[in-house]
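Okay, structure first, notes after.
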Amino acid sequence: MIQARNPCFNSNARLKRLFDQGVMPMKSTQTPPSAEAVPSARRRTAVLAVMCLALAVVVGMLAALLVAAPDLARDLRATEAELQWIMNAYGVAFAGLLLTGGALGDRYGRKRVLLSGLTLFGLASAGAVFVDDVNIIITLRGVAGVGAALVMPMTLAVITHVFPPEERGRAVGTWSGISFGSALLGVLLAGGLLEAFSWRSVFAANALLAALALLAAAVLTPPSKDPESAPLDAIGSLLSVAGIGALVYGTVEGPERGWTDTAVLAGFGLGAAGVAAFITWELRCENPLLDPRVFRLRGVSAGSLIITAETLAMFGFFFLLLQYLQQILGYSPFKAGLTMIPMAVAAIVVSPAAPPLAHRYGIRAVMGLGMAMIAGGLGVMVPFVDGTNYWPVLASTALLGAGIALAATPATDAILAPLPPAKQGVASALNDVTRELGGVLGIAILGSVFNTTYRSRTAHATREMPGPVPDSARDSLAVALHAARELGGRSGARLADATRDAFHAGMINALVGGVVVVVAGAVAAMVLLTGGRSAAGKGRPPADHDS
């Protein structure tokens, strides 16, 4: 595990000082398993494969539906805001309940919670196959998100339990790579299915993969839990979901209702109040879901910022790029999925280099370089959005993949390293919640920046068109292009051109917004990691008294 070059990664001494000062309560300890209790190398490899399969199923689900968004919009006549809710209902439940999922695994057993989550996820995905109503699909997506929140933290908690410390860094690196790569695999799988079938096939495939992961996990996952489990923090769980959900509601509904609409302002107000209440409750709770004082550990705070910012950029970019490729450039779903391959190749090539580079140059330098590459990947698309050339897309996706690979592994290790072994369920859930929260915010924030510009430009361009055309054009690009084909003639061509121009303007603004968020997150993380000895310094790791 990457602990050199920065005092915040000298976890034993740093945590002991925090515990002694009362900053973090230590409720339990867990002695390392004996050599006889450690599974064989073959068994550890099999467990790692199963955990990666379960992880790929729940992470790939969100990305897979991004490819299906144009088909969903056309078939269900969904607005841009409804599309965002189809994506974000899953993400809000996922991110809001991840900490609860980690705590449930620590208390009731990680294998039991993992299997329950896969079952719930599979049933909700199967149910969506037979539904035509947008609101019911949004509800089922939320249920699937609850299942995913039980699955994802358990995968990393089981890995950290099974692997000894000297092998854990490499196993976590594999998990991190799968967490990123499964999103791309989901895009390719969905693209292939949509060539021959409807969007329902994406839900059916996820249900089948969940069943396969369920069977494998039931056979191979070893039981583990916190030896001194604490009471479940139900109030903290409810406050976290309410706070995140209300903030996302205000962000998603703002472009459609208006940013000064009462419901939108109420969403932001309730969200802020919910987050504040969550923090206040957790500080006073005897057995908190997440003690906010853990963020006094600089590595935890910096790692959380990095992962949130990078996933915000990735999922916001996916949400817009896949619509752009299919509806502006005319790519088929599968061809659109294939354009993501350079991102995967770059991540595969660069990812193994991240740990040794972090060990040699320090995590601060490596994560900073990774975030700079992510910002560059978003920025390189800006001048070419209104073109038809694939090369800017290639350069953009390759830079994103390399940047995320450089930043993700040391950031993940930064979050996991300082927390005690018995709390690895909550530790891994904290790591996961930053990823999923970033994905939710990416689709919500960048999607809303896009939607605000798109609706404004479209309304101006279609104000003199007859009947319901202006309203339908503002709903989404897919609906607008369908209306243009039905209208035909010069009016139809003018409508199509106007909505494409509006899409270009919205995507440019969203990309610029993504660059700003990535740069701000990177700067904040670098400032956090600057303290005591430089994280980029060379030489031996600091001793305990250096902390």
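Identifiers for the structure tokens are assigned positionally: chains receive A, B, ... in sequence, residues are indexed from 1 per chain, and ligands are indexed from 1 in the order shown.
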
Name all residues at most 8 Å from segment 116-119 of chain A (count only C-alpha atoms; drop same-chain ones fewer than 5 positions away) and give them as a PyMOL selection string.
-> chain A and resi 54+146-151+210-211+213-214

Suppose we keep N, CA, C and O atoms; can you now write the selection as a short mmCIF file (atom, residue, chain, number, x, y, z; two decimals), in the first residue's frame?
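Contents of again04.cif, freshly written:
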data_model
loop_
_atom_site.label_atom_id
_atom_site.label_comp_id
_atom_site.auth_asym_id
_atom_site.auth_seq_id
_atom_site.Cartn_x
_atom_site.Cartn_y
_atom_site.Cartn_z
N ALA A 54 -18.98 -9.03 -9.22
CA ALA A 54 -20.09 -8.36 -8.55
C ALA A 54 -19.96 -6.84 -8.68
O ALA A 54 -20.95 -6.13 -8.92
N VAL A 146 -30.45 0.61 -4.25
CA VAL A 146 -30.35 0.11 -2.87
C VAL A 146 -29.55 -1.20 -2.86
O VAL A 146 -28.67 -1.41 -2.02
N GLY A 147 -29.88 -2.10 -3.80
CA GLY A 147 -29.12 -3.35 -3.89
C GLY A 147 -27.66 -3.10 -4.17
O GLY A 147 -26.77 -3.74 -3.57
N ALA A 148 -27.36 -2.19 -5.08
CA ALA A 148 -25.97 -1.87 -5.41
C ALA A 148 -25.22 -1.32 -4.21
O ALA A 148 -24.03 -1.59 -4.03
N ALA A 149 -25.92 -0.54 -3.37
CA ALA A 149 -25.28 0.03 -2.19
C ALA A 149 -24.89 -1.05 -1.18
O ALA A 149 -23.97 -0.86 -0.37
N LEU A 150 -25.58 -2.19 -1.22
CA LEU A 150 -25.20 -3.31 -0.37
C LEU A 150 -24.04 -4.10 -0.97
O LEU A 150 -23.23 -4.69 -0.25
N VAL A 151 -23.95 -4.10 -2.29
CA VAL A 151 -22.94 -4.92 -2.97
C VAL A 151 -21.57 -4.27 -2.98
O VAL A 151 -20.56 -4.89 -2.60
N ALA A 210 -26.30 -10.41 -12.64
CA ALA A 210 -26.47 -10.39 -11.19
C ALA A 210 -26.70 -11.80 -10.66
O ALA A 210 -26.18 -12.18 -9.60
N ALA A 211 -27.49 -12.61 -11.39
CA ALA A 211 -27.73 -13.99 -10.97
C ALA A 211 -26.44 -14.81 -10.99
O ALA A 211 -26.18 -15.61 -10.08
N ALA A 213 -23.33 -13.61 -10.66
CA ALA A 213 -22.50 -13.15 -9.55
C ALA A 213 -23.02 -13.68 -8.21
O ALA A 213 -22.24 -14.02 -7.31
N LEU A 214 -24.34 -13.77 -8.08
CA LEU A 214 -24.95 -14.28 -6.85
C LEU A 214 -24.54 -15.72 -6.59
O LEU A 214 -24.14 -16.09 -5.48
#

Please identify all polymer residues within 12 Å of Ala63 of chain A, counting only C-alpha atoms, omitting same-chain residues fewer than 4 positions from it, and present them as an MDAnalysis selection string.
-> chainID A and resid 56:59 67:69 86:88 90:91 179:191 202 206 311 314:322 337 340 436 439:440 443

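Omitting Ala273 of chain A and its sequence neighbours fewer than 5 positions away, and counting only C-alpha atoms, the residues within 10 Å are A:Leu239, A:Ala242, A:Gly243, A:Ala246, A:Leu247, A:Gly267, A:Phe268, A:Phe278, A:Ile279.
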
Give me, as JSON lines, the closest atom pair and its distance (Å, one decimal) for every residue of segment 275-341 of chain A within a cut-off of 10 Å of segment 380-389 of chain A, counting only C-alpha atoms, rows sorted by chain and rising number.
{"residue": "A:Leu321", "atom": "CA", "partner": "A:Val385", "partner_atom": "CA", "distance": 9.8}
{"residue": "A:Tyr324", "atom": "CA", "partner": "A:Val385", "partner_atom": "CA", "distance": 8.8}
{"residue": "A:Leu325", "atom": "CA", "partner": "A:Thr388", "partner_atom": "CA", "distance": 9.4}
{"residue": "A:Ile328", "atom": "CA", "partner": "A:Thr388", "partner_atom": "CA", "distance": 8.5}
{"residue": "A:Leu329", "atom": "CA", "partner": "A:Thr388", "partner_atom": "CA", "distance": 6.3}
{"residue": "A:Gly330", "atom": "CA", "partner": "A:Thr388", "partner_atom": "CA", "distance": 9.8}

Pick out the residues sitting within 12 Å of Gly269 of chain A, and hand them over as a ChimeraX atom specification; count only C-alpha atoms, and ignore anything fewer than 4 positions along from it in its own chain.
-> /A:242-251,262-265,273-276

Determine which residues of segment 277-380 of chain A DSSP labels as alpha helix (DSSP H) from the backbone of this structure, then write them out as JSON, numbers by chain.
-> {"A": [277, 278, 279, 280, 281, 282, 283, 284, 298, 299, 300, 301, 302, 303, 304, 305, 306, 307, 308, 309, 310, 311, 312, 313, 314, 315, 316, 317, 318, 319, 320, 321, 322, 323, 333, 334, 335, 336, 337, 338, 341, 342, 343, 344, 345, 346, 347, 348, 349, 350, 354, 355, 356, 357, 358, 359, 360, 361, 363, 364, 365, 366, 367, 368, 369, 370, 371, 372, 373, 374, 375, 376, 377, 378, 379]}

Given only C-alpha atoms as the counted atoms, nearest of A:Leu232, A:Ile445, A:Leu477, A:Leu511 to Pro255 of chain A | A:Ile445

Give me, as a PDB file with N, CA and C atoms, in the first residue's frame, all polymer residues having an atom no more than 6 Å from segment 285-298 of chain A, counting only C-alpha atoms and skipping those fewer than 4 positions away in the same chain.
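out_17.pdb written:
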ATOM      1  N   CYS A   8       0.428  11.856   6.568  1.00  0.00           N
ATOM      2  CA  CYS A   8      -0.965  11.440   6.755  1.00  0.00           C
ATOM      3  C   CYS A   8      -1.159   9.971   6.423  1.00  0.00           C
ATOM      4  N   ASP A 233     -26.906   2.893  12.663  1.00  0.00           N
ATOM      5  CA  ASP A 233     -27.285   4.311  12.709  1.00  0.00           C
ATOM      6  C   ASP A 233     -28.356   4.581  11.651  1.00  0.00           C
ATOM      7  N   TRP A 281     -25.701  15.178  13.506  1.00  0.00           N
ATOM      8  CA  TRP A 281     -26.106  13.920  14.148  1.00  0.00           C
ATOM      9  C   TRP A 281     -24.915  12.968  14.293  1.00  0.00           C
ATOM     10  N   ALA A 302      -8.228  14.285   1.080  1.00  0.00           N
ATOM     11  CA  ALA A 302      -7.677  14.493  -0.255  1.00  0.00           C
ATOM     12  C   ALA A 302      -8.111  13.385  -1.209  1.00  0.00           C
ATOM     13  N   LEU A 528      -4.414  20.122   0.768  1.00  0.00           N
ATOM     14  CA  LEU A 528      -4.569  19.240   1.922  1.00  0.00           C
ATOM     15  C   LEU A 528      -3.336  18.366   2.137  1.00  0.00           C
TER      16      LEU A 528
END

Counting only C-alpha atoms, figure out which residue out of A:Ala365, A:Ile404, A:Met507, A:Leu394 gets nearest to Thr452 of chain A.
-> A:Met507

Residue nearest Pro39 of chain A - candidates A:Thr434, A:Gln327, A:Ser476, A:Thr221, atoms counted: only C-alpha atoms =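 For Pro39 of chain A, the nearest of the given residues is A:Thr221.
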
Please provide the set of residues having any atom within 12 Å of Glu167 of chain A, restricted to only C-alpha atoms, with same-chain residues fewer than 4 positions apart removed, written as a compact mmCIF listing (two decimals) with C-alpha atoms, in the first residue's frame.
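Resulting contents of selection_0.txt:
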# COMPACT_ATOMS: atom_id res chain seq x y z
CA MET A 1 0.00 0.00 0.00
CA ILE A 2 1.25 3.50 -0.82
CA VAL A 38 -5.40 -16.90 5.54
CA ALA A 41 -3.31 -18.03 -3.03
CA ARG A 44 -7.70 -15.54 -2.81
CA THR A 45 -7.49 -15.17 -6.59
CA LEU A 48 -10.91 -11.48 -6.07
CA ILE A 159 -10.85 -8.19 -0.55
CA THR A 160 -9.17 -6.31 2.31
CA HIS A 161 -10.19 -9.10 4.71
CA VAL A 162 -8.91 -11.94 2.53
CA PHE A 163 -5.61 -10.50 1.31
CA ALA A 171 -5.58 -6.44 -5.07
CA VAL A 172 -7.01 -2.97 -4.39
CA GLY A 173 -5.38 -1.78 -7.62
CA THR A 174 -7.15 -4.56 -9.52

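Distances to Leu209 of chain A were evaluated for A:Leu53, A:Ala484, A:Ser176, A:Ala234 using only C-alpha atoms, and the minimum falls at A:Leu53.
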
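Minimum distance to Leu123 of chain A across A:Leu66, A:Val527, A:Val143, A:Ala407 (counting only C-alpha atoms) occurs at A:Val143.
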